[in-house]
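To keep things clear, I will list the structure first and then write my remarks on it.
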Amino acid sequence: MSEPQSRREYIREIAAKASADEHPAGWFEQVYTTAEGESAAIPWALMQPNPHLLAWLDEGDRPQSGPRALVVGCGLGDDAEALAERGYQVTAFDISTRAIAWCQERFPNSSVAYQVADLFEFAQSHPQAFDFVFECRTIQALPLKVRQQTISSICQLLAPKGTLFVITNIRQDEAAPEGPPWPLSETELQQILQQGLQEIQRHRPSGTNRPTLCIEYRRVA
Ligand SMILES: C[S@@+](CC[C@H](N)C(=O)[O-])C[C@H]1O[C@@H](n2cnc3c(N)ncnc32)[C@H](O)[C@@H]1O
């Protein structure tokens, strides 16, 4: 495995090339396969559930079992497993075949239905199919030219009265950022409301190295 700095440069290079080649998600498989099983080579892999998801689940009256939950761009599966442990019926998908195989190796007895799928196609075939959708750092991992499509695909998956919980980096203005990642602007977040969702609450967790927002939305019935 290469040194962290050169690994980051390598990832930026393949992401830029994929974006220019009109395959904005085409670089993720390379990141996972070239990691050769070393999670340290996956810059976003926490190897534990996202602490902001756990904090949100612990607050208020979250349903403890039953709801059909979906994890978008599930990476190495820790968030999907955390939801399954709390009784959710979890589907989790990622565009990377290697990432999904890695989830299955890590959690061989899991109840999570792991799938290799592209968000844009998955959303078409599962309209309004989930009571709870968790999206963490997938929107920001795709360039601005597919932002609207990414946001509308995620929203399309949510059942009436369903909850969407988003964890994302944000940027302070509308200027195009140099990515990856490509943090979201306030105007881009407004696109979620245009999909028939209502913002229920948001907070900005402290202790993150990039400006981050956790936002809960509900689909208007
Ligand atoms: C920055 S990573 C975040 C992973 C995980 N959500 C987390 O927070 O650790 C983005 C993930 O989204 C996946 N992804 C990117 N584009 C996708 C698409 N169009 N459909 C499905 N998954 C996608 C990538 O393979 C990658 O695992």
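In the structure tokens, chains take letters A, B, ... by order of appearance, with residues numbered from 1 within each chain and ligands from 1 in the order shown.
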Residues within 7 Å of Glu135 (chain A), only C-alpha atoms, excluding chain neighbours under 2 positions, as a list in words =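 After dropping sequence-adjacent residues, the list is Val71, Val72, Val133, Arg137, Thr138, Phe165, Val166 and Ile167 of chain A.
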Produce as a ChimeraX atom specification the set of residues near ligand 1, where near means within 6 Å with only C-alpha atoms and all ligand atoms considered.
-> /A:25,28,44-45,73-75,94-96,117-119,136-138,141
Long-range neighbours of region 89-93 of chain A as a compact mmCIF listing (two decimals) with C-alpha atoms, in the first residue's frame, 12 Å cut-off, only C-alpha atoms, 5 positions minimum in chain:
```txt
# COMPACT_ATOMS: atom_id res chain seq x y z
CA PRO A 63 -38.49 2.96 15.81
CA GLN A 64 -36.64 -0.03 17.27
CA SER A 65 -37.70 -2.66 14.77
CA GLY A 66 -39.46 -3.33 11.55
CA PRO A 67 -38.92 -0.38 9.28
CA ARG A 68 -37.46 -1.05 5.88
CA ALA A 69 -34.15 0.75 5.99
CA LEU A 70 -31.75 1.51 3.16
CA VAL A 71 -28.09 2.51 3.33
CA VAL A 72 -26.96 4.33 0.18
CA GLY A 73 -23.31 3.87 -0.91
CA CYS A 74 -22.73 1.63 2.12
CA GLY A 75 -18.95 1.30 1.78
CA LEU A 76 -17.66 -1.34 4.20
CA GLY A 77 -21.02 -1.87 5.91
CA ASP A 78 -20.65 -0.61 9.50
CA ASP A 79 -23.69 1.70 9.37
CA ALA A 80 -25.88 -1.00 7.80
CA GLU A 81 -24.84 -3.42 10.55
CA ALA A 82 -25.63 -0.86 13.27
CA LEU A 83 -29.15 -0.44 11.89
CA ALA A 84 -29.65 -4.21 11.59
CA ARG A 98 -15.27 -5.21 -4.12
CA ALA A 99 -16.85 -3.09 -1.38
CA ILE A 100 -19.88 -5.37 -1.22
CA ALA A 101 -17.70 -8.51 -1.20
CA CYS A 103 -18.92 -6.30 3.62
CA GLN A 104 -19.87 -9.94 3.17
CA SER A 110 -25.37 -10.53 8.72
CA SER A 111 -29.10 -10.06 8.18
CA VAL A 112 -28.36 -7.10 5.88
CA ALA A 113 -29.28 -7.59 2.21
CA TYR A 114 -26.08 -6.32 0.57
CA GLN A 115 -26.28 -5.54 -3.15
CA VAL A 116 -24.04 -4.22 -5.88
CA ALA A 117 -26.07 -1.45 -7.50
CA ASP A 118 -25.79 1.97 -9.06
CA LEU A 119 -27.90 4.52 -7.20
CA PHE A 120 -29.40 5.92 -10.39
CA GLU A 121 -30.74 2.52 -11.52
CA PHE A 122 -31.62 1.29 -8.02
CA ALA A 123 -33.79 4.36 -7.42
CA HIS A 126 -37.33 0.87 -5.95
CA ALA A 129 -39.68 1.50 -1.14
CA PHE A 130 -38.01 2.43 2.17
CA ASP A 131 -39.26 3.89 5.46
CA PHE A 132 -35.79 5.03 6.41
CA VAL A 133 -32.96 6.06 4.08
CA PHE A 134 -29.48 6.77 5.40
CA GLU A 135 -27.16 8.76 3.18
CA THR A 138 -22.22 9.66 -1.13
CA LEU A 157 -36.40 5.92 -2.60
```
Could you tell me which of A:Pro4, A:Pro211, A:Pro160, A:Pro180 comes closest to Trp27 (chain A) if we count only C-alpha atoms?
->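 The shortest atom-to-atom distance to Trp27 (chain A) comes from A:Pro180.
Between CA of Leu193 (chain A) and CA of Gln148 (chain A) lies a distance of 12.1 Å.
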When DSSP is applied to the backbone of this structure, which of chain A are assigned helix (DSSP H, G or I)? Write them out as an mmCIF file with N, CA, C and O atoms, in the first residue's frame.
```
data_model
loop_
_atom_site.group_PDB
_atom_site.id
_atom_site.type_symbol
_atom_site.label_atom_id
_atom_site.label_comp_id
_atom_site.auth_asym_id
_atom_site.auth_seq_id
_atom_site.Cartn_x
_atom_site.Cartn_y
_atom_site.Cartn_z
ATOM 1 N N PRO A 4 0.125 7.519 2.839
ATOM 2 C CA PRO A 4 -1.177 8.199 2.824
ATOM 3 C C PRO A 4 -1.245 9.364 1.840
ATOM 4 O O PRO A 4 -2.225 9.505 1.119
ATOM 5 N N GLN A 5 -0.185 10.202 1.800
ATOM 6 C CA GLN A 5 -0.241 11.377 0.918
ATOM 7 C C GLN A 5 -0.332 10.963 -0.556
ATOM 8 O O GLN A 5 -1.167 11.459 -1.307
ATOM 9 N N SER A 6 0.515 10.017 -0.965
ATOM 10 C CA SER A 6 0.480 9.617 -2.369
ATOM 11 C C SER A 6 -0.807 8.843 -2.669
ATOM 12 O O SER A 6 -1.321 8.883 -3.781
ATOM 13 N N ARG A 7 -1.345 8.162 -1.677
ATOM 14 C CA ARG A 7 -2.635 7.472 -1.855
ATOM 15 C C ARG A 7 -3.743 8.514 -2.125
ATOM 16 O O ARG A 7 -4.570 8.353 -3.003
ATOM 17 N N ARG A 8 -3.719 9.595 -1.355
ATOM 18 C CA ARG A 8 -4.724 10.652 -1.557
ATOM 19 C C ARG A 8 -4.588 11.258 -2.949
ATOM 20 O O ARG A 8 -5.572 11.501 -3.635
ATOM 21 N N GLU A 9 -3.332 11.489 -3.364
ATOM 22 C CA GLU A 9 -3.119 12.058 -4.712
ATOM 23 C C GLU A 9 -3.611 11.089 -5.781
ATOM 24 O O GLU A 9 -4.233 11.495 -6.761
ATOM 25 N N TYR A 10 -3.326 9.806 -5.594
ATOM 26 C CA TYR A 10 -3.782 8.780 -6.538
ATOM 27 C C TYR A 10 -5.315 8.812 -6.650
ATOM 28 O O TYR A 10 -5.882 8.803 -7.740
ATOM 29 N N ILE A 11 -5.982 8.917 -5.504
ATOM 30 C CA ILE A 11 -7.449 8.902 -5.504
ATOM 31 C C ILE A 11 -7.997 10.147 -6.208
ATOM 32 O O ILE A 11 -8.924 10.072 -7.011
ATOM 33 N N ARG A 12 -7.393 11.294 -5.950
ATOM 34 C CA ARG A 12 -7.825 12.533 -6.621
ATOM 35 C C ARG A 12 -7.659 12.413 -8.131
ATOM 36 O O ARG A 12 -8.520 12.830 -8.912
ATOM 37 N N GLU A 13 -6.542 11.812 -8.526
ATOM 38 C CA GLU A 13 -6.251 11.653 -9.960
ATOM 39 C C GLU A 13 -7.285 10.765 -10.651
ATOM 40 O O GLU A 13 -7.826 11.124 -11.686
ATOM 41 N N ILE A 14 -7.577 9.606 -10.045
ATOM 42 C CA ILE A 14 -8.520 8.700 -10.710
ATOM 43 C C ILE A 14 -9.943 9.269 -10.667
ATOM 44 O O ILE A 14 -10.725 9.063 -11.582
ATOM 45 N N ALA A 15 -10.253 10.037 -9.610
ATOM 46 C CA ALA A 15 -11.586 10.657 -9.534
ATOM 47 C C ALA A 15 -11.727 11.716 -10.624
ATOM 48 O O ALA A 15 -12.763 11.800 -11.302
ATOM 49 N N ALA A 16 -10.688 12.521 -10.832
ATOM 50 C CA ALA A 16 -10.736 13.573 -11.858
ATOM 51 C C ALA A 16 -10.876 12.943 -13.237
ATOM 52 O O ALA A 16 -11.653 13.394 -14.078
ATOM 53 N N LYS A 17 -10.135 11.870 -13.464
ATOM 54 C CA LYS A 17 -10.177 11.214 -14.773
ATOM 55 C C LYS A 17 -11.569 10.616 -15.016
ATOM 56 O O LYS A 17 -12.146 10.769 -16.093
ATOM 57 N N ALA A 18 -12.120 9.967 -13.990
ATOM 58 C CA ALA A 18 -13.448 9.358 -14.139
ATOM 59 C C ALA A 18 -14.488 10.425 -14.450
ATOM 60 O O ALA A 18 -15.363 10.242 -15.300
ATOM 61 N N SER A 19 -14.369 11.561 -13.783
ATOM 62 C CA SER A 19 -15.331 12.636 -13.990
ATOM 63 C C SER A 19 -15.214 13.178 -15.419
ATOM 64 O O SER A 19 -16.217 13.387 -16.109
ATOM 65 N N ALA A 20 -13.970 13.368 -15.879
ATOM 66 C CA ALA A 20 -13.748 13.876 -17.245
ATOM 67 C C ALA A 20 -14.221 12.864 -18.285
ATOM 68 O O ALA A 20 -14.706 13.225 -19.350
ATOM 69 N N PHE A 28 -14.502 4.349 -7.864
ATOM 70 C CA PHE A 28 -14.621 3.736 -6.537
ATOM 71 C C PHE A 28 -14.125 2.290 -6.530
ATOM 72 O O PHE A 28 -13.458 1.864 -5.596
ATOM 73 N N GLU A 29 -14.455 1.565 -7.610
ATOM 74 C CA GLU A 29 -14.012 0.166 -7.655
ATOM 75 C C GLU A 29 -12.482 0.099 -7.559
ATOM 76 O O GLU A 29 -11.928 -0.755 -6.856
ATOM 77 N N GLN A 30 -11.812 1.025 -8.232
ATOM 78 C CA GLN A 30 -10.342 1.053 -8.189
ATOM 79 C C GLN A 30 -9.828 1.316 -6.773
ATOM 80 O O GLN A 30 -8.840 0.741 -6.356
ATOM 81 N N VAL A 31 -10.511 2.229 -6.067
ATOM 82 C CA VAL A 31 -10.073 2.532 -4.694
ATOM 83 C C VAL A 31 -10.156 1.268 -3.845
ATOM 84 O O VAL A 31 -9.220 0.908 -3.120
ATOM 85 N N TYR A 32 -11.298 0.554 -3.964
ATOM 86 C CA TYR A 32 -11.466 -0.632 -3.117
ATOM 87 C C TYR A 32 -10.523 -1.765 -3.535
ATOM 88 O O TYR A 32 -9.954 -2.439 -2.677
ATOM 89 N N THR A 33 -10.341 -1.974 -4.835
ATOM 90 C CA THR A 33 -9.502 -3.125 -5.235
ATOM 91 C C THR A 33 -8.030 -2.843 -4.945
ATOM 92 O O THR A 33 -7.321 -3.721 -4.454
ATOM 93 N N THR A 34 -7.575 -1.602 -5.189
ATOM 94 C CA THR A 34 -6.159 -1.317 -4.947
ATOM 95 C C THR A 34 -5.835 -1.242 -3.453
ATOM 96 O O THR A 34 -4.661 -1.243 -3.084
ATOM 97 N N SER A 39 -8.019 -1.598 5.181
ATOM 98 C CA SER A 39 -9.024 -0.537 5.325
ATOM 99 C C SER A 39 -8.381 0.845 5.433
ATOM 100 O O SER A 39 -8.989 1.852 5.076
ATOM 101 N N ALA A 40 -7.141 0.921 5.895
ATOM 102 C CA ALA A 40 -6.458 2.220 6.024
ATOM 103 C C ALA A 40 -6.280 2.893 4.660
ATOM 104 O O ALA A 40 -6.058 4.108 4.589
ATOM 105 N N ALA A 41 -6.386 2.123 3.590
ATOM 106 C CA ALA A 41 -6.230 2.691 2.250
ATOM 107 C C ALA A 41 -7.550 3.230 1.690
ATOM 108 O O ALA A 41 -7.595 3.733 0.569
ATOM 109 N N PRO A 51 -20.524 7.827 14.281
ATOM 110 C CA PRO A 51 -21.003 8.222 15.612
ATOM 111 C C PRO A 51 -22.204 9.168 15.553
ATOM 112 O O PRO A 51 -23.036 9.174 16.464
ATOM 113 N N HIS A 52 -22.342 9.941 14.452
ATOM 114 C CA HIS A 52 -23.491 10.858 14.351
ATOM 115 C C HIS A 52 -24.772 10.086 14.049
ATOM 116 O O HIS A 52 -25.853 10.487 14.470
ATOM 117 N N LEU A 53 -24.650 8.974 13.351
ATOM 118 C CA LEU A 53 -25.825 8.107 13.138
ATOM 119 C C LEU A 53 -26.239 7.500 14.481
ATOM 120 O O LEU A 53 -27.419 7.510 14.840
ATOM 121 N N LEU A 54 -25.267 6.998 15.229
ATOM 122 C CA LEU A 54 -25.597 6.373 16.522
ATOM 123 C C LEU A 54 -26.239 7.388 17.462
ATOM 124 O O LEU A 54 -27.228 7.081 18.135
ATOM 125 N N ALA A 55 -25.698 8.622 17.462
ATOM 126 C CA ALA A 55 -26.258 9.653 18.355
ATOM 127 C C ALA A 55 -27.694 9.956 17.956
ATOM 128 O O ALA A 55 -28.580 10.095 18.812
ATOM 129 N N TRP A 56 -27.940 10.031 16.654
ATOM 130 C CA TRP A 56 -29.297 10.321 16.172
ATOM 131 C C TRP A 56 -30.248 9.178 16.536
ATOM 132 O O TRP A 56 -31.382 9.401 16.971
ATOM 133 N N LEU A 57 -29.777 7.945 16.387
ATOM 134 C CA LEU A 57 -30.623 6.792 16.718
ATOM 135 C C LEU A 57 -30.954 6.759 18.209
ATOM 136 O O LEU A 57 -32.038 6.328 18.603
ATOM 137 N N ASP A 58 -30.020 7.235 19.025
ATOM 138 C CA ASP A 58 -30.214 7.177 20.477
ATOM 139 C C ASP A 58 -31.121 8.281 20.999
ATOM 140 O O ASP A 58 -31.574 8.225 22.141
ATOM 141 N N ASP A 78 -20.450 -0.779 8.050
ATOM 142 C CA ASP A 78 -20.652 -0.615 9.503
ATOM 143 C C ASP A 78 -21.991 0.038 9.857
ATOM 144 O O ASP A 78 -22.621 -0.336 10.860
ATOM 145 N N ASP A 79 -22.428 1.003 9.060
ATOM 146 C CA ASP A 79 -23.690 1.696 9.372
ATOM 147 C C ASP A 79 -24.882 0.757 9.143
ATOM 148 O O ASP A 79 -25.833 0.752 9.932
ATOM 149 N N ALA A 80 -24.805 -0.036 8.084
ATOM 150 C CA ALA A 80 -25.878 -0.998 7.799
ATOM 151 C C ALA A 80 -25.983 -1.998 8.946
ATOM 152 O O ALA A 80 -27.084 -2.336 9.411
ATOM 153 N N GLU A 81 -24.830 -2.456 9.443
ATOM 154 C CA GLU A 81 -24.837 -3.423 10.553
ATOM 155 C C GLU A 81 -25.424 -2.805 11.817
ATOM 156 O O GLU A 81 -26.158 -3.463 12.564
ATOM 157 N N ALA A 82 -25.105 -1.527 12.066
ATOM 158 C CA ALA A 82 -25.626 -0.860 13.269
ATOM 159 C C ALA A 82 -27.148 -0.791 13.208
ATOM 160 O O ALA A 82 -27.842 -1.000 14.214
ATOM 161 N N LEU A 83 -27.697 -0.508 12.027
ATOM 162 C CA LEU A 83 -29.155 -0.440 11.887
ATOM 163 C C LEU A 83 -29.779 -1.829 12.052
ATOM 164 O O LEU A 83 -30.816 -1.983 12.706
ATOM 165 N N ALA A 84 -29.128 -2.840 11.475
ATOM 166 C CA ALA A 84 -29.654 -4.209 11.590
ATOM 167 C C ALA A 84 -29.666 -4.644 13.057
ATOM 168 O O ALA A 84 -30.618 -5.284 13.523
ATOM 169 N N GLU A 85 -28.621 -4.272 13.795
ATOM 170 C CA GLU A 85 -28.566 -4.640 15.222
ATOM 171 C C GLU A 85 -29.722 -4.039 16.003
ATOM 172 O O GLU A 85 -30.131 -4.555 17.028
ATOM 173 N N THR A 97 -18.277 -3.590 -6.537
ATOM 174 C CA THR A 97 -18.386 -5.033 -6.289
ATOM 175 C C THR A 97 -17.446 -5.438 -5.160
ATOM 176 O O THR A 97 -17.784 -6.240 -4.291
ATOM 177 N N ARG A 98 -16.262 -4.863 -5.159
ATOM 178 C CA ARG A 98 -15.267 -5.214 -4.122
ATOM 179 C C ARG A 98 -15.742 -4.760 -2.739
ATOM 180 O O ARG A 98 -15.550 -5.467 -1.749
ATOM 181 N N ALA A 99 -16.358 -3.569 -2.685
ATOM 182 C CA ALA A 99 -16.847 -3.094 -1.382
ATOM 183 C C ALA A 99 -17.901 -4.046 -0.838
ATOM 184 O O ALA A 99 -17.887 -4.401 0.352
ATOM 185 N N ILE A 100 -18.813 -4.483 -1.694
ATOM 186 C CA ILE A 100 -19.885 -5.374 -1.221
ATOM 187 C C ILE A 100 -19.309 -6.739 -0.819
ATOM 188 O O ILE A 100 -19.685 -7.300 0.207
ATOM 189 N N ALA A 101 -18.330 -7.236 -1.584
ATOM 190 C CA ALA A 101 -17.702 -8.512 -1.201
ATOM 191 C C ALA A 101 -17.004 -8.351 0.149
ATOM 192 O O ALA A 101 -17.068 -9.243 1.008
ATOM 193 N N TRP A 102 -16.407 -7.195 0.362
ATOM 194 C CA TRP A 102 -15.696 -6.908 1.617
ATOM 195 C C TRP A 102 -16.703 -6.896 2.790
ATOM 196 O O TRP A 102 -16.443 -7.450 3.859
ATOM 197 N N CYS A 103 -17.871 -6.292 2.584
ATOM 198 C CA CYS A 103 -18.925 -6.303 3.620
ATOM 199 C C CYS A 103 -19.283 -7.743 3.965
ATOM 200 O O CYS A 103 -19.421 -8.104 5.149
ATOM 201 N N GLN A 104 -19.438 -8.549 2.934
ATOM 202 C CA GLN A 104 -19.873 -9.936 3.171
ATOM 203 C C GLN A 104 -18.793 -10.750 3.875
ATOM 204 O O GLN A 104 -19.089 -11.627 4.678
ATOM 205 N N GLU A 105 -17.525 -10.411 3.584
ATOM 206 C CA GLU A 105 -16.420 -11.093 4.298
ATOM 207 C C GLU A 105 -16.390 -10.650 5.764
ATOM 208 O O GLU A 105 -16.172 -11.454 6.664
ATOM 209 N N ARG A 106 -16.619 -9.364 5.996
ATOM 210 C CA ARG A 106 -16.551 -8.851 7.375
ATOM 211 C C ARG A 106 -17.718 -9.335 8.228
ATOM 212 O O ARG A 106 -17.553 -9.532 9.426
ATOM 213 N N LEU A 119 -26.799 3.731 -7.763
ATOM 214 C CA LEU A 119 -27.898 4.517 -7.202
ATOM 215 C C LEU A 119 -28.935 4.910 -8.255
ATOM 216 O O LEU A 119 -30.140 4.819 -8.023
ATOM 217 N N PHE A 120 -28.465 5.368 -9.416
ATOM 218 C CA PHE A 120 -29.403 5.920 -10.390
ATOM 219 C C PHE A 120 -30.364 4.839 -10.911
ATOM 220 O O PHE A 120 -31.537 5.097 -11.141
ATOM 221 N N GLU A 121 -29.860 3.606 -11.065
ATOM 222 C CA GLU A 121 -30.739 2.516 -11.524
ATOM 223 C C GLU A 121 -31.563 1.960 -10.359
ATOM 224 O O GLU A 121 -32.746 1.647 -10.511
ATOM 225 N N PHE A 122 -30.923 1.840 -9.197
ATOM 226 C CA PHE A 122 -31.616 1.286 -8.020
ATOM 227 C C PHE A 122 -32.840 2.140 -7.672
ATOM 228 O O PHE A 122 -33.913 1.617 -7.356
ATOM 229 N N ALA A 123 -32.678 3.461 -7.774
ATOM 230 C CA ALA A 123 -33.793 4.362 -7.423
ATOM 231 C C ALA A 123 -34.969 4.164 -8.381
ATOM 232 O O ALA A 123 -36.133 4.210 -7.966
ATOM 233 N N GLN A 124 -34.656 3.924 -9.648
ATOM 234 C CA GLN A 124 -35.736 3.708 -10.638
ATOM 235 C C GLN A 124 -36.523 2.444 -10.322
ATOM 236 O O GLN A 124 -37.727 2.404 -10.519
ATOM 237 N N SER A 125 -35.800 1.403 -9.843
ATOM 238 C CA SER A 125 -36.494 0.125 -9.636
ATOM 239 C C SER A 125 -37.076 -0.011 -8.217
ATOM 240 O O SER A 125 -37.747 -0.996 -7.926
ATOM 241 N N ILE A 139 -23.400 11.710 -1.694
ATOM 242 C CA ILE A 139 -23.686 12.860 -2.576
ATOM 243 C C ILE A 139 -22.391 13.647 -2.792
ATOM 244 O O ILE A 139 -22.028 13.988 -3.927
ATOM 245 N N GLN A 140 -21.676 13.885 -1.717
ATOM 246 C CA GLN A 140 -20.466 14.704 -1.832
ATOM 247 C C GLN A 140 -19.326 13.983 -2.567
ATOM 248 O O GLN A 140 -18.350 14.609 -2.967
ATOM 249 N N ALA A 141 -19.457 12.656 -2.712
ATOM 250 C CA ALA A 141 -18.407 11.898 -3.395
ATOM 251 C C ALA A 141 -18.579 11.919 -4.906
ATOM 252 O O ALA A 141 -17.732 11.390 -5.638
ATOM 253 N N LEU A 144 -20.390 17.846 -9.134
ATOM 254 C CA LEU A 144 -21.577 18.711 -9.191
ATOM 255 C C LEU A 144 -22.449 18.436 -10.413
ATOM 256 O O LEU A 144 -23.658 18.633 -10.361
ATOM 257 N N LYS A 145 -21.846 17.973 -11.480
ATOM 258 C CA LYS A 145 -22.670 17.790 -12.691
ATOM 259 C C LYS A 145 -23.738 16.703 -12.528
ATOM 260 O O LYS A 145 -24.691 16.667 -13.294
ATOM 261 N N VAL A 146 -23.572 15.802 -11.542
ATOM 262 C CA VAL A 146 -24.633 14.808 -11.308
ATOM 263 C C VAL A 146 -25.341 15.053 -9.961
ATOM 264 O O VAL A 146 -26.043 14.178 -9.452
ATOM 265 N N ARG A 147 -25.155 16.244 -9.401
ATOM 266 C CA ARG A 147 -25.697 16.494 -8.053
ATOM 267 C C ARG A 147 -27.224 16.413 -8.022
ATOM 268 O O ARG A 147 -27.799 15.742 -7.174
ATOM 269 N N GLN A 148 -27.851 17.102 -8.952
ATOM 270 C CA GLN A 148 -29.322 17.106 -8.971
ATOM 271 C C GLN A 148 -29.862 15.685 -9.118
ATOM 272 O O GLN A 148 -30.790 15.275 -8.417
ATOM 273 N N GLN A 149 -29.249 14.921 -10.017
ATOM 274 C CA GLN A 149 -29.695 13.541 -10.266
ATOM 275 C C GLN A 149 -29.454 12.664 -9.024
ATOM 276 O O GLN A 149 -30.272 11.813 -8.679
ATOM 277 N N THR A 150 -28.333 12.900 -8.353
ATOM 278 C CA THR A 150 -28.006 12.120 -7.151
ATOM 279 C C THR A 150 -29.038 12.407 -6.056
ATOM 280 O O THR A 150 -29.587 11.491 -5.432
ATOM 281 N N ILE A 151 -29.305 13.687 -5.862
ATOM 282 C CA ILE A 151 -30.262 14.068 -4.809
ATOM 283 C C ILE A 151 -31.657 13.540 -5.134
ATOM 284 O O ILE A 151 -32.330 12.949 -4.279
ATOM 285 N N SER A 152 -32.102 13.711 -6.374
ATOM 286 C CA SER A 152 -33.473 13.269 -6.666
ATOM 287 C C SER A 152 -33.579 11.751 -6.600
ATOM 288 O O SER A 152 -34.593 11.211 -6.151
ATOM 289 N N SER A 153 -32.521 11.031 -6.953
ATOM 290 C CA SER A 153 -32.562 9.559 -6.862
ATOM 291 C C SER A 153 -32.705 9.124 -5.409
ATOM 292 O O SER A 153 -33.494 8.225 -5.088
ATOM 293 N N ILE A 154 -31.946 9.736 -4.514
ATOM 294 C CA ILE A 154 -32.017 9.360 -3.090
ATOM 295 C C ILE A 154 -33.421 9.646 -2.549
ATOM 296 O O ILE A 154 -34.026 8.802 -1.877
ATOM 297 N N CYS A 155 -33.959 10.816 -2.890
ATOM 298 C CA CYS A 155 -35.288 11.186 -2.358
ATOM 299 C C CYS A 155 -36.377 10.257 -2.893
ATOM 300 O O CYS A 155 -37.338 9.935 -2.179
ATOM 301 N N GLN A 156 -36.207 9.835 -4.142
ATOM 302 C CA GLN A 156 -37.192 8.964 -4.796
ATOM 303 C C GLN A 156 -37.380 7.632 -4.050
ATOM 304 O O GLN A 156 -38.402 6.975 -4.170
ATOM 305 N N GLU A 186 -25.778 25.287 0.429
ATOM 306 C CA GLU A 186 -27.143 25.445 0.947
ATOM 307 C C GLU A 186 -28.152 25.337 -0.198
ATOM 308 O O GLU A 186 -29.225 24.733 -0.047
ATOM 309 N N THR A 187 -27.819 25.882 -1.362
ATOM 310 C CA THR A 187 -28.744 25.798 -2.510
ATOM 311 C C THR A 187 -28.949 24.345 -2.932
ATOM 312 O O THR A 187 -30.069 23.941 -3.272
ATOM 313 N N GLU A 188 -27.899 23.563 -2.885
ATOM 314 C CA GLU A 188 -28.041 22.146 -3.245
ATOM 315 C C GLU A 188 -28.905 21.410 -2.209
ATOM 316 O O GLU A 188 -29.714 20.543 -2.574
ATOM 317 N N LEU A 189 -28.739 21.771 -0.947
ATOM 318 C CA LEU A 189 -29.590 21.146 0.086
ATOM 319 C C LEU A 189 -31.062 21.485 -0.135
ATOM 320 O O LEU A 189 -31.942 20.672 0.143
ATOM 321 N N GLN A 190 -31.318 22.690 -0.659
ATOM 322 C CA GLN A 190 -32.712 23.091 -0.936
ATOM 323 C C GLN A 190 -33.364 22.144 -1.947
ATOM 324 O O GLN A 190 -34.581 21.973 -1.968
ATOM 325 N N GLN A 191 -32.539 21.526 -2.811
ATOM 326 C CA GLN A 191 -33.095 20.607 -3.823
ATOM 327 C C GLN A 191 -33.813 19.425 -3.153
ATOM 328 O O GLN A 191 -34.713 18.826 -3.728
ATOM 329 N N ILE A 192 -33.383 19.093 -1.948
ATOM 330 C CA ILE A 192 -34.042 17.986 -1.231
ATOM 331 C C ILE A 192 -35.488 18.378 -0.899
ATOM 332 O O ILE A 192 -36.415 17.580 -1.050
ATOM 333 N N LEU A 193 -35.673 19.633 -0.508
ATOM 334 C CA LEU A 193 -37.034 20.100 -0.179
ATOM 335 C C LEU A 193 -37.910 20.113 -1.431
ATOM 336 O O LEU A 193 -39.115 19.843 -1.370
#
```
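Going from CA of Arg86 (chain A) to CA of Glu59 (chain A) covers 13.5 Å.
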Quote the spacing between CA of Gln172 (chain A) and CA of Ser185 (chain A) in Å to one decimal place.
-> 6.6 Å
